[in-house]
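Below is the file input-v7.cif, which contains mmCIF, C-alpha atoms and all ligand atoms.
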```cif
data_data
loop_
_atom_site.label_atom_id
_atom_site.label_comp_id
_atom_site.auth_asym_id
_atom_site.auth_seq_id
_atom_site.Cartn_x
_atom_site.Cartn_y
_atom_site.Cartn_z
CA MET A 17 79.00 25.13 -10.81
CA ARG A 18 81.07 25.79 -7.71
CA VAL A 19 80.99 28.51 -5.03
CA GLN A 20 82.65 28.77 -1.64
CA VAL A 21 79.45 29.01 0.44
CA VAL A 22 75.88 28.08 -0.52
CA ILE A 23 73.32 29.89 1.62
CA ILE A 24 69.84 28.36 1.80
CA GLY A 25 67.17 30.98 2.50
CA ALA A 26 66.92 34.72 1.78
CA GLY A 27 65.43 35.81 5.09
CA PRO A 28 67.39 38.27 7.22
CA ALA A 29 69.87 35.58 8.34
CA GLY A 30 70.77 34.38 4.84
CA LEU A 31 70.91 37.86 3.30
CA LEU A 32 73.00 39.33 6.12
CA LEU A 33 75.44 36.43 6.00
CA GLY A 34 75.66 36.79 2.23
CA GLN A 35 76.47 40.47 2.51
CA LEU A 36 79.14 40.05 5.20
CA LEU A 37 80.84 37.22 3.30
CA HIS A 38 80.66 39.07 0.00
CA ARG A 39 82.37 42.09 1.54
CA ALA A 40 85.14 39.80 2.77
CA GLY A 41 85.67 38.51 -0.77
CA ILE A 42 83.94 35.16 -0.21
CA ASP A 43 81.90 33.84 -3.07
CA THR A 44 78.30 32.88 -2.16
CA LEU A 45 75.10 31.68 -3.80
CA ILE A 46 71.74 32.28 -2.09
CA LEU A 47 68.89 29.88 -2.89
CA GLU A 48 65.40 30.99 -1.83
CA ARG A 49 62.18 29.02 -2.25
CA LYS A 50 59.82 31.97 -2.48
CA SER A 51 59.76 35.13 -4.61
CA GLN A 52 61.33 38.38 -3.44
CA GLU A 53 57.87 39.95 -3.08
CA TYR A 54 56.68 37.07 -0.94
CA VAL A 55 59.68 37.33 1.38
CA LEU A 56 59.09 41.08 1.74
CA GLY A 57 55.40 40.50 2.48
CA ARG A 58 56.09 38.72 5.78
CA ILE A 59 55.51 41.06 8.70
CA ARG A 60 57.67 40.40 11.74
CA ALA A 61 58.96 42.16 14.85
CA GLY A 62 60.88 45.38 14.50
CA VAL A 63 63.10 45.92 17.53
CA LEU A 64 66.87 45.84 16.95
CA GLU A 65 69.53 45.47 19.60
CA GLN A 66 72.62 47.66 19.18
CA GLY A 67 74.60 44.52 18.28
CA ALA A 68 72.27 43.88 15.32
CA VAL A 69 72.51 47.53 14.23
CA ASP A 70 76.32 47.34 14.39
CA LEU A 71 76.30 44.22 12.25
CA LEU A 72 74.00 45.83 9.66
CA ASP A 73 76.44 48.75 9.58
CA GLU A 74 79.31 46.32 9.08
CA ALA A 75 77.38 44.82 6.19
CA GLY A 76 77.09 48.31 4.67
CA VAL A 77 73.30 48.49 4.91
CA GLY A 78 72.85 50.87 7.85
CA ALA A 79 72.09 54.15 6.04
CA ARG A 80 68.28 53.99 5.91
CA LEU A 81 68.14 52.33 9.30
CA HIS A 82 69.99 55.28 10.82
CA ALA A 83 67.82 57.79 8.95
CA GLU A 84 64.44 56.20 9.63
CA GLY A 85 64.90 53.94 12.69
CA LEU A 86 63.50 55.18 16.00
CA ALA A 87 65.73 55.08 19.09
CA HIS A 88 63.74 53.81 22.07
CA GLU A 89 65.24 54.40 25.49
CA GLY A 90 62.53 52.66 27.49
CA ILE A 91 59.55 50.31 27.40
CA GLU A 92 56.35 50.36 29.39
CA LEU A 93 54.80 47.48 31.29
CA CYS A 94 51.08 47.87 31.89
CA PHE A 95 49.43 45.78 34.61
CA SER A 96 45.76 46.09 35.53
CA GLY A 97 45.47 49.37 33.69
CA GLU A 98 48.55 51.01 35.21
CA ARG A 99 51.74 51.74 33.30
CA HIS A 100 55.29 51.38 34.65
CA ARG A 101 58.29 52.53 32.63
CA VAL A 102 61.52 50.53 32.42
CA ASP A 103 64.26 53.03 31.60
CA LEU A 104 66.57 50.96 29.39
CA GLN A 105 69.00 53.82 28.83
CA ALA A 106 69.39 54.69 32.54
CA LEU A 107 69.71 51.05 33.58
CA THR A 108 72.08 49.83 30.87
CA GLY A 109 73.43 52.87 29.01
CA LYS A 110 71.89 51.38 25.85
CA HIS A 111 68.77 51.74 23.75
CA VAL A 112 67.04 49.68 21.07
CA THR A 113 66.15 50.75 17.54
CA VAL A 114 62.66 50.28 16.14
CA TYR A 115 62.93 49.49 12.42
CA GLY A 116 60.78 46.83 10.74
CA GLN A 117 62.23 43.49 9.74
CA THR A 118 60.68 44.02 6.31
CA GLU A 119 62.83 47.13 5.88
CA VAL A 120 65.95 45.29 7.07
CA THR A 121 65.23 42.59 4.49
CA ARG A 122 64.60 45.15 1.74
CA ASP A 123 67.88 46.97 2.48
CA LEU A 124 69.78 43.68 2.40
CA MET A 125 68.12 42.59 -0.86
CA ASP A 126 68.99 45.93 -2.48
CA ALA A 127 72.59 45.64 -1.32
CA ARG A 128 72.83 42.10 -2.66
CA THR A 129 71.51 43.20 -6.05
CA ALA A 130 73.93 46.15 -6.14
CA SER A 131 76.86 43.87 -5.25
CA GLY A 132 76.21 41.58 -8.22
CA ALA A 133 76.41 38.50 -5.96
CA LYS A 134 74.10 35.72 -7.11
CA SER A 135 70.73 34.98 -5.52
CA LEU A 136 68.11 32.70 -7.02
CA TYR A 137 64.47 33.05 -5.99
CA GLU A 138 61.63 30.57 -6.58
CA VAL A 139 63.98 27.63 -6.33
CA ASP A 140 62.36 24.25 -5.55
CA ASP A 141 63.47 20.83 -4.30
CA VAL A 142 66.63 22.04 -2.59
CA ALA A 143 68.58 18.95 -1.45
CA LEU A 144 71.79 18.97 0.59
CA ALA A 145 74.41 16.21 0.41
CA GLY A 146 77.99 15.44 1.37
CA PHE A 147 78.24 17.93 4.23
CA ASP A 148 79.62 15.23 6.52
CA GLY A 149 82.63 14.97 4.19
CA ASN A 150 84.80 17.45 2.30
CA THR A 151 82.67 18.07 -0.77
CA PRO A 152 79.15 19.27 0.05
CA THR A 153 76.74 19.69 -2.83
CA VAL A 154 73.34 21.31 -3.17
CA ARG A 155 70.86 20.30 -5.85
CA TYR A 156 67.88 22.44 -6.77
CA LEU A 157 65.23 22.97 -9.39
CA HIS A 158 65.14 26.40 -10.99
CA GLN A 159 63.05 27.45 -13.99
CA GLY A 160 62.28 23.84 -14.84
CA ARG A 161 65.88 22.57 -14.73
CA VAL A 162 67.78 20.65 -12.06
CA HIS A 163 71.14 22.16 -11.12
CA GLU A 164 73.90 21.03 -8.79
CA VAL A 165 76.41 23.28 -7.09
CA SER A 166 79.42 22.12 -5.11
CA CYS A 167 80.87 24.21 -2.30
CA ASP A 168 83.09 24.30 0.78
CA PHE A 169 80.27 25.04 3.24
CA ILE A 170 76.48 25.20 3.39
CA ALA A 171 74.71 27.76 5.58
CA GLY A 172 71.18 26.62 6.48
CA CYS A 173 69.37 29.95 6.94
CA ASP A 174 66.03 28.58 5.78
CA GLY A 175 63.87 29.18 8.81
CA PHE A 176 61.90 26.82 11.02
CA HIS A 177 60.27 24.95 8.10
CA GLY A 178 63.41 24.74 5.98
CA VAL A 179 65.16 21.72 4.53
CA SER A 180 68.57 22.16 6.19
CA ARG A 181 67.75 21.01 9.72
CA ASP A 182 65.74 18.10 8.30
CA SER A 183 68.77 16.99 6.25
CA VAL A 184 70.69 16.16 9.41
CA PRO A 185 70.36 12.54 10.58
CA ALA A 186 67.82 12.48 13.43
CA GLN A 187 70.23 10.79 15.85
CA ALA A 188 72.73 13.66 15.44
CA LEU A 189 70.20 16.25 16.57
CA ARG A 190 68.63 17.05 19.94
CA GLN A 191 65.50 19.18 19.78
CA TYR A 192 63.80 21.02 22.63
CA GLU A 193 60.33 22.50 22.23
CA ARG A 194 57.53 24.24 24.11
CA VAL A 195 54.35 25.34 22.39
CA TYR A 196 52.36 27.98 24.29
CA PRO A 197 48.59 27.61 24.71
CA PHE A 198 47.70 30.85 22.88
CA GLY A 199 48.59 32.93 19.84
CA TRP A 200 49.13 36.59 18.91
CA LEU A 201 46.71 38.34 16.63
CA GLY A 202 48.63 41.17 14.97
CA VAL A 203 47.35 44.20 13.07
CA LEU A 204 49.38 46.66 11.02
CA ALA A 205 47.71 50.02 10.33
CA ASP A 206 48.69 53.42 8.97
CA VAL A 207 47.81 55.30 12.14
CA PRO A 208 50.14 57.16 14.52
CA PRO A 209 51.31 55.00 17.45
CA VAL A 210 49.42 55.39 20.71
CA SER A 211 52.63 56.14 22.64
CA ASP A 212 56.27 57.06 21.96
CA GLU A 213 57.40 53.78 23.49
CA LEU A 214 56.24 50.18 23.29
CA ILE A 215 53.56 49.17 25.80
CA TYR A 216 53.49 45.53 26.95
CA ALA A 217 50.18 44.96 28.76
CA ASN A 218 49.06 42.15 31.05
CA HIS A 219 45.28 42.38 31.42
CA GLU A 220 42.65 39.98 32.68
CA ARG A 221 41.41 39.63 29.09
CA GLY A 222 44.94 38.69 28.00
CA PHE A 223 48.19 40.20 26.79
CA ALA A 224 48.36 43.20 24.44
CA LEU A 225 51.31 44.96 22.79
CA CYS A 226 51.37 48.44 21.29
CA SER A 227 54.31 48.70 18.89
CA MET A 228 55.13 50.72 15.80
CA ARG A 229 57.03 50.84 12.56
CA SER A 230 57.26 54.64 12.25
CA HIS A 231 55.51 57.80 13.48
CA THR A 232 52.67 57.04 11.08
CA ARG A 233 52.49 53.24 11.09
CA SER A 234 51.52 51.16 14.13
CA ARG A 235 51.76 47.47 14.93
CA TYR A 236 49.42 46.13 17.60
CA TYR A 237 48.87 42.66 19.01
CA VAL A 238 46.39 40.94 21.33
CA GLN A 239 46.72 37.48 22.85
CA CYS A 240 44.12 35.21 21.24
CA SER A 241 43.02 31.60 21.33
CA LEU A 242 44.82 29.11 19.09
CA ASP A 243 41.39 28.18 17.73
CA ASP A 244 40.72 31.74 16.56
CA HIS A 245 40.74 32.57 12.86
CA VAL A 246 41.49 36.03 11.44
CA ASP A 247 38.10 36.06 9.72
CA GLN A 248 36.49 36.15 13.18
CA TRP A 249 38.37 39.34 13.95
CA SER A 250 36.93 42.35 12.16
CA ASP A 251 39.01 45.53 12.50
CA GLU A 252 36.34 46.90 14.79
CA ARG A 253 36.49 43.89 17.11
CA PHE A 254 40.30 44.08 17.20
CA TRP A 255 40.39 47.78 18.12
CA GLN A 256 37.77 47.29 20.80
CA GLU A 257 39.68 44.38 22.30
CA LEU A 258 42.99 46.26 22.24
CA ARG A 259 41.39 49.31 23.85
CA SER A 260 39.96 47.17 26.65
CA ARG A 261 43.40 45.75 27.55
CA VAL A 262 45.46 48.95 27.86
CA ASP A 263 45.39 51.78 30.43
CA SER A 264 42.72 54.47 30.15
CA GLU A 265 45.11 57.12 28.77
CA ALA A 266 46.24 54.80 25.97
CA ALA A 267 42.63 53.74 25.36
CA GLU A 268 41.61 57.38 24.92
CA ARG A 269 44.56 58.25 22.70
CA LEU A 270 44.29 55.18 20.47
CA ILE A 271 43.76 56.17 16.86
CA THR A 272 42.23 53.39 14.81
CA GLY A 273 42.06 52.84 11.06
CA PRO A 274 41.75 50.08 8.48
CA SER A 275 44.21 47.21 8.93
CA ILE A 276 46.73 46.71 6.15
CA GLU A 277 47.77 43.32 7.49
CA LYS A 278 46.17 41.00 10.01
CA SER A 279 47.49 37.60 11.03
CA ILE A 280 47.61 35.09 13.89
CA ALA A 281 50.94 33.62 14.97
CA PRO A 282 51.45 30.72 17.37
CA LEU A 283 54.06 31.08 20.13
CA ARG A 284 56.84 28.55 20.46
CA SER A 285 60.22 28.05 22.11
CA PHE A 286 62.44 25.67 20.12
CA VAL A 287 66.13 24.87 19.98
CA ALA A 288 68.01 22.31 17.88
CA GLU A 289 71.46 21.28 19.07
CA PRO A 290 74.15 21.33 17.81
CA MET A 291 74.08 24.05 15.16
CA ARG A 292 76.87 22.55 13.04
CA PHE A 293 77.24 19.17 11.34
CA GLY A 294 80.51 18.88 9.44
CA ARG A 295 80.28 21.49 6.71
CA LEU A 296 76.66 22.46 7.34
CA PHE A 297 75.83 25.32 9.71
CA LEU A 298 72.35 26.24 10.91
CA ALA A 299 71.62 29.90 11.66
CA GLY A 300 68.53 31.87 12.73
CA ASP A 301 65.06 30.34 12.80
CA ALA A 302 66.42 27.14 11.21
CA ALA A 303 68.00 26.37 14.58
CA HIS A 304 65.79 28.12 17.11
CA ILE A 305 62.47 29.88 17.64
CA VAL A 306 61.51 32.16 20.51
CA PRO A 307 58.10 33.62 21.32
CA PRO A 308 58.04 37.25 20.11
CA THR A 309 57.49 38.74 23.58
CA GLY A 310 61.15 39.73 24.01
CA ALA A 311 61.59 40.73 20.33
CA LYS A 312 64.60 38.41 20.11
CA GLY A 313 63.98 36.42 16.87
CA LEU A 314 65.73 38.71 14.41
CA ASN A 315 68.40 39.69 16.96
CA LEU A 316 69.31 36.05 17.55
CA ALA A 317 69.48 35.41 13.82
CA ALA A 318 71.89 38.37 13.56
CA SER A 319 73.97 37.07 16.44
CA ASP A 320 74.37 33.62 14.81
CA VAL A 321 75.35 35.35 11.59
CA ARG A 322 77.90 37.44 13.44
CA TYR A 323 79.62 34.31 14.78
CA LEU A 324 79.28 32.40 11.51
CA SER A 325 80.58 35.18 9.27
CA ARG A 326 83.59 35.73 11.54
CA ALA A 327 84.31 31.97 11.68
CA LEU A 328 84.17 31.56 7.89
CA ILE A 329 86.19 34.72 7.20
CA ASP A 330 88.80 33.56 9.73
CA HIS A 331 88.91 30.14 8.07
CA TYR A 332 89.46 31.54 4.57
CA ARG A 333 92.12 33.97 5.82
CA THR A 334 94.10 31.63 8.06
CA GLY A 335 93.21 28.12 6.95
CA THR A 336 92.40 27.18 10.56
CA SER A 337 89.10 25.86 11.88
CA THR A 338 89.19 26.98 15.53
CA GLU A 339 86.35 29.49 15.07
CA ILE A 340 84.33 27.09 12.96
CA ASP A 341 84.69 24.46 15.68
CA ALA A 342 83.53 26.97 18.30
CA TYR A 343 80.49 28.17 16.29
CA SER A 344 77.76 25.96 17.69
CA ASP A 345 78.68 26.28 21.36
CA LYS A 346 79.16 30.05 21.13
CA CYS A 347 75.79 30.52 19.43
CA LEU A 348 73.95 28.21 21.77
CA ARG A 349 75.16 29.94 24.93
CA ARG A 350 73.58 33.16 23.69
CA VAL A 351 70.55 31.41 22.20
CA TRP A 352 69.62 29.70 25.47
CA LYS A 353 69.81 32.99 27.37
CA ALA A 354 67.42 34.57 24.86
CA VAL A 355 65.17 31.51 25.03
CA ARG A 356 65.07 31.94 28.80
CA PHE A 357 64.35 35.67 28.58
CA SER A 358 61.63 35.26 25.94
CA TRP A 359 59.97 32.51 27.99
CA TRP A 360 60.18 34.69 31.10
CA MET A 361 58.66 37.77 29.39
CA THR A 362 55.94 35.53 27.95
CA SER A 363 55.21 34.04 31.40
CA LEU A 364 55.08 37.47 33.02
CA LEU A 365 52.72 39.06 30.54
CA HIS A 366 50.20 36.48 29.29
CA ARG A 367 47.13 34.86 30.74
CA PHE A 368 47.78 31.11 30.90
CA PRO A 369 44.56 29.08 30.82
CA ASP A 370 45.75 26.68 33.55
CA ASN A 371 47.60 29.00 35.93
CA GLY A 372 44.58 30.28 37.85
CA GLU A 373 44.54 32.91 40.58
CA ILE A 374 47.87 31.87 42.05
CA GLY A 375 49.51 32.36 38.66
CA ARG A 376 48.09 35.86 38.50
CA LYS A 377 49.32 36.68 42.03
CA ILE A 378 52.82 35.48 41.15
CA GLN A 379 52.82 37.70 38.03
CA GLU A 380 51.82 40.69 40.18
CA ALA A 381 54.60 39.93 42.65
CA GLU A 382 57.07 39.64 39.79
CA LEU A 383 56.02 43.02 38.42
CA SER A 384 56.22 44.62 41.85
CA TYR A 385 59.74 43.18 42.22
CA ILE A 386 60.80 44.53 38.80
CA ILE A 387 59.50 48.00 39.54
CA GLY A 388 60.82 48.11 43.10
CA SER A 389 64.25 46.62 42.60
CA ARG A 390 66.99 48.17 40.50
CA ALA A 391 68.62 44.73 40.23
CA ALA A 392 65.41 43.18 38.86
CA SER A 393 64.68 45.99 36.41
CA THR A 394 68.32 45.97 35.27
CA SER A 395 68.02 42.24 34.61
CA LEU A 396 65.02 42.86 32.36
CA ALA A 397 66.69 45.85 30.69
CA GLU A 398 70.05 44.22 29.98
CA ASN A 399 68.33 41.27 28.34
CA TYR A 400 65.96 43.49 26.36
CA VAL A 401 68.76 45.65 24.92
CA GLY A 402 70.79 42.50 24.21
CA LEU A 403 73.40 40.57 26.16
CA PRO A 404 77.03 41.02 25.11
CA PHE A 405 78.73 38.80 22.54
CA GLU A 406 81.67 36.56 23.31
CA ASP A 407 84.90 38.10 21.95
N1 LIG B 1 64.72 26.15 0.13
C1 LIG B 1 65.03 27.46 0.00
N2 LIG B 1 64.59 28.43 0.84
C2 LIG B 1 63.82 28.04 1.86
C3 LIG B 1 63.47 26.69 2.08
C4 LIG B 1 63.94 25.71 1.17
N3 LIG B 1 63.64 24.43 1.31
N4 LIG B 1 62.70 26.63 3.19
C5 LIG B 1 62.56 27.88 3.64
N5 LIG B 1 63.23 28.74 2.85
C6 LIG B 1 63.31 30.21 3.00
C7 LIG B 1 62.02 30.84 3.44
O1 LIG B 1 61.14 31.07 2.34
C8 LIG B 1 62.51 32.13 4.06
O2 LIG B 1 62.55 33.20 3.14
O3 LIG B 1 64.23 30.52 4.04
C9 LIG B 1 63.92 31.81 4.53
C10 LIG B 1 64.04 31.82 6.04
O4 LIG B 1 63.81 33.12 6.51
P1 LIG B 1 63.16 33.45 7.95
O5 LIG B 1 62.06 32.49 8.22
O6 LIG B 1 62.88 34.90 7.96
O7 LIG B 1 64.33 33.08 8.98
P2 LIG B 1 65.68 33.86 9.35
O8 LIG B 1 66.36 34.43 8.18
O9 LIG B 1 66.39 32.92 10.26
O10 LIG B 1 65.19 35.12 10.17
C11 LIG B 1 64.87 35.11 11.50
O11 LIG B 1 62.64 35.78 11.12
O12 LIG B 1 60.92 34.48 11.99
C12 LIG B 1 61.63 35.62 12.12
O13 LIG B 1 61.57 36.03 14.42
C13 LIG B 1 62.35 35.59 13.37
O14 LIG B 1 62.91 37.76 13.09
C14 LIG B 1 63.44 36.48 13.04
C15 LIG B 1 63.84 36.17 11.69
C1 LIG B 2 56.63 44.37 16.64
O1 LIG B 2 56.76 45.58 16.48
O2 LIG B 2 56.14 43.66 15.77
C2 LIG B 2 57.06 43.77 17.92
C3 LIG B 2 57.71 44.55 18.85
C4 LIG B 2 58.12 44.01 20.06
C5 LIG B 2 57.88 42.68 20.32
C6 LIG B 2 57.25 41.87 19.38
C7 LIG B 2 56.83 42.42 18.18
O3 LIG B 2 58.27 42.16 21.51
#
```

Please go through the file and, once you have read it, give me the structure as structure tokens.
Amino acid sequence: MRVQVVIIGAGPAGLLLGQLLHRAGIDTLILERKSQEYVLGRIRAGVLEQGAVDLLDEAGVGARLHAEGLAHEGIELCFSGERHRVDLQALTGKHVTVYGQTEVTRDLMDARTASGAKSLYEVDDVALAGFDGNTPTVRYLHQGRVHEVSCDFIAGCDGFHGVSRDSVPAQALRQYERVYPFGWLGVLADVPPVSDELIYANHERGFALCSMRSHTRSRYYVQCSLDDHVDQWSDERFWQELRSRVDSEAAERLITGPSIEKSIAPLRSFVAEPMRFGRLFLAGDAAHIVPPTGAKGLNLAASDVRYLSRALIDHYRTGTSTEIDAYSDKCLRRVWKAVRFSWWMTSLLHRFPDNGEIGRKIQEAELSYIIGSRAASTSLAENYVGLPFED
């Protein structure tokens, strides 16, 4: 079998790339290790920059997002029980859209099915070869049989634990990593959100985030120890802890209910450079991870896909490789800025076990600077709504 582009991974990066290439008449095959249901079961952040929304529109999957997504024109920072609003719209002229990653993935899967383009789920033993030359191939096991597909390009959209990055010779790759000394315990519940906007809280007991998926479904997080296990966190304990970390108005308004999902996620900053090796491109979590504090994970995946889809479409139309050659550097300039912002938001809002009283005082000064300075709050806001793309 032969296709123009093999895409490894049917997360948002792989599916969005597949859709954009398909609409440009480029033939793709998506290979995904898990089942469709499993992929849809993963709960992740739900804040979209306008650039990501525009790209989903370009991919023809924006209808439900526009009907059901919530426009948020500000966020709230809560320090020591007091809330301070950052007016994203007034500071940048832009807003963000709250729409769950699960829904983005579902819309993309539906569009892929409707397009008739081929995706294979529950594929094992994916192995990449020949991407340093002109004839890349991908082998895989599907329904008990080994298959091999040849292609022009491979897009490694297979997340942090995927096979694509690991297929690159170690000496060709530079990896940067920071693991944070805490995790996020997240709860999804069918209760109305405590506030119209997201609340990011820095409290002496640790960070908390009040987010949402809709007017009737909330997503809440509390900073927890990396040694914690979800079984130690009954719903009751979670709600009590969340209530203790937010301001008194939010604590009073908080409506609790049974959790429909509860999980602990570690926090990590990670970048692999470069993002292209011959005819293999890495995109999304396969190349970089950010802590969720700035809600940048999905947005960065979309921004890689924007550059990659344009580069490949340009290549097939013109036969040139200028855009392909520029892919890695263009992505990485934006990636590093989001890595910086996510690290900075994380540093501002969490309790770090080793930072002590001076760390706390510096956080307070930082907050006071953000609230008191239009330049500082604009810096936060312009990063939160998403920095511009090149070209
Ligand atoms: N073969 C085939 N598929 C694989 C393999 C493999 N060896 N390894 C991993 N995969 C699949 C995973 O099962 C997953 O469905 O690749 C997909 C990668 O999807 P994501 O992890 O969602 O990564 P990405 O598409 O880059 O999306 C980035 O996800 O983690 C969040 O914050 C992040 O929101 C961002 C988004
Ligand atoms: C979420 O809704 O899951 C969410 C929102 C904002 C973040 C992180 C997660 O910064």

Item to complete: Could you tell me, counting all atoms listed in the file, which protein and nucleic acid residues lie no more than 6 Å from ligand LIG 1 (chain B), written as a list in words?
Response: Ile24, Gly25, Ala26, Gly27, Pro28, Ala29, Gly30, Leu47, Glu48, Arg49, Lys50, Val55, Val142, Cys173, Asp174, Gly175, His177, Gly178, Val179, Gly300, Asp301, Ala302, Gly313, Leu314 and Ala317 of chain A

Contacts between ligand LIG 2 (chain B) and chain A, please, where a residue of chain A counts if it comes within 6 Å (with all atoms listed in the file); show its shortest atom pair and distance in Å to one decimal, rows by chain and ascending number, as a tab-separated table.
```
residue	atom	partner	partner_atom	distance
A:Arg60	CA	B:LIG2	O2	5.4
A:Ala61	CA	B:LIG2	O2	3.3
A:Gly62	CA	B:LIG2	O1	4.6
A:Val63	CA	B:LIG2	C3	5.7
A:Ser227	CA	B:LIG2	O1	4.6
A:Met228	CA	B:LIG2	O1	5.4
A:Arg235	CA	B:LIG2	O1	5.6
A:Pro308	CA	B:LIG2	C6	4.7
A:Thr309	CA	B:LIG2	O3	4.1
A:Gly310	CA	B:LIG2	O3	4.5
A:Ala311	CA	B:LIG2	O3	3.8
```

Selected residues, C-alpha atoms, written as a compact mmCIF listing (two decimals), in the frame of the given file, please.
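Output file out-v1.txt is given in full below:
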```
# COMPACT_ATOMS: atom_id res chain seq x y z
CA ARG A 60 57.67 40.40 11.74
CA ALA A 61 58.96 42.16 14.85
CA GLY A 62 60.88 45.38 14.50
CA VAL A 63 63.10 45.92 17.53
CA SER A 227 54.31 48.70 18.89
CA MET A 228 55.13 50.72 15.80
CA ARG A 235 51.76 47.47 14.93
CA PRO A 308 58.04 37.25 20.11
CA THR A 309 57.49 38.74 23.58
CA GLY A 310 61.15 39.73 24.01
CA ALA A 311 61.59 40.73 20.33
```

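Residue nearest Thr151 (chain A), chosen from A:Ala133, A:Ile23, A:Leu296, A:Val203 and counting all atoms listed in the file: A:Leu296.
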
Practice prompt. Compile the contact shell of Thr362 (chain A) as a PyMOL selection string: residues with an atom at most 12 Å away, counting all atoms listed in the file, same-chain residues fewer than 5 positions apart removed.
Written response: chain A and resi 195-200+216-218+222-225+239+283-285+306-311+354-357+367-368+379

List every residue of region 138-255 of chain A that has an atom at most 12 Å from any atom of region 325-337 of chain A, and for each one report the closest atom pair and its distance in Å to one decimal, counting all atoms listed in the file, with rows sorted by chain and then by increasing residue number, as a Markdown table.
```
| residue | atom | partner | partner_atom | distance |
| --- | --- | --- | --- | --- |
| A:Asp168 | CA | A:Leu328 | CA | 10.2 |
| A:Phe169 | CA | A:Leu328 | CA | 8.9 |
| A:Ile170 | CA | A:Leu328 | CA | 10.9 |
| A:Ala171 | CA | A:Ser325 | CA | 10.2 |
```

Discussion item. Please report the interatomic distance between CA of Val165 (chain A) and CA of Ala143 (chain A) in Å with one decimal.
Written reply: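 For CA of Val165 (chain A) relative to CA of Ala143 (chain A), the distance reads 10.6 Å.
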
Discussion item. Which residue is closest to Ser395 (chain A)? Choose from A:Gln191, A:Gln117, A:Thr108, A:Ser234 and count all atoms listed in the file.
Written reply: A:Thr108

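In this model, the gap between CA of Gln66 (chain A) and CA of Val112 (chain A) comes to 6.2 Å.
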
Worksheet item: Expressed in Å to a single decimal, how great is the separation between CA of Gly78 (chain A) and CA of Glu213 (chain A)?
Response: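 Separation between CA of Gly78 (chain A) and CA of Glu213 (chain A): 22.2 Å.
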
Per residue of region 152-258 of chain A within 7 Å of region 288-293 of chain A, what are the shortest atom pair and its distance in Å to one decimal, counting only C-alpha atoms, with rows by chain and residue number, as JSON lines?
```
{"residue": "A:Leu189", "atom": "CA", "partner": "A:Glu289", "partner_atom": "CA", "distance": 5.8}
{"residue": "A:Arg190", "atom": "CA", "partner": "A:Glu289", "partner_atom": "CA", "distance": 5.2}
{"residue": "A:Gln191", "atom": "CA", "partner": "A:Ala288", "partner_atom": "CA", "distance": 4.4}
{"residue": "A:Tyr192", "atom": "CA", "partner": "A:Ala288", "partner_atom": "CA", "distance": 6.5}
```

For Gly172 (chain A), please output as a PDB file with C-alpha atoms, keeping the file's coordinate frame all residues within 6 Å (counting all atoms listed in the file; exclusion window: fewer than 6 positions along the same chain).
```
ATOM      1  CA  ILE A  24      69.840  28.360   1.800  1.00  0.00           C
ATOM      2  CA  SER A 180      68.570  22.160   6.190  1.00  0.00           C
ATOM      3  CA  PHE A 297      75.830  25.320   9.710  1.00  0.00           C
ATOM      4  CA  LEU A 298      72.350  26.240  10.910  1.00  0.00           C
TER       5      LEU A 298
END
```

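Minimum distance to Gly76 (chain A) across A:Met361, A:Leu136, A:Leu37, A:Val351 (counting only C-alpha atoms) occurs at A:Leu37.
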
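If all atoms listed in the file are the atoms counted, then among A:Ala281, A:Cys347, A:Pro209, A:His111 the closest residue to Ser241 (chain A) is A:Ala281.
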
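If you measure from each of A:Phe147, A:Tyr115, A:Tyr137, A:Tyr343 to Tyr54 (chain A) using only C-alpha atoms, the closest one turns out to be A:Tyr137.
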
Worksheet item: Using only C-alpha atoms, which residues sit within 12 Å of Gln248 (chain A) once same-chain residues fewer than 4 positions away are excluded, as a ChimeraX atom specification?
Response: /A:201,240-241,243-244,252-254,278-280

Could those residues be written to a file, using C-alpha atoms, as an mmCIF file, in the coordinates of the input?
```
data_model
loop_
_atom_site.group_PDB
_atom_site.id
_atom_site.type_symbol
_atom_site.label_atom_id
_atom_site.label_comp_id
_atom_site.auth_asym_id
_atom_site.auth_seq_id
_atom_site.Cartn_x
_atom_site.Cartn_y
_atom_site.Cartn_z
ATOM 1 C CA LEU A 201 46.710 38.340 16.630
ATOM 2 C CA CYS A 240 44.120 35.210 21.240
ATOM 3 C CA SER A 241 43.020 31.600 21.330
ATOM 4 C CA ASP A 243 41.390 28.180 17.730
ATOM 5 C CA ASP A 244 40.720 31.740 16.560
ATOM 6 C CA GLU A 252 36.340 46.900 14.790
ATOM 7 C CA ARG A 253 36.490 43.890 17.110
ATOM 8 C CA PHE A 254 40.300 44.080 17.200
ATOM 9 C CA LYS A 278 46.170 41.000 10.010
ATOM 10 C CA SER A 279 47.490 37.600 11.030
ATOM 11 C CA ILE A 280 47.610 35.090 13.890
#
```

Response to the item:
Using all atoms listed in the file, the shortest atom-to-atom distance to Ala303 (chain A) among A:Glu268, A:Glu193, A:Glu373, A:Glu257 belongs to A:Glu193
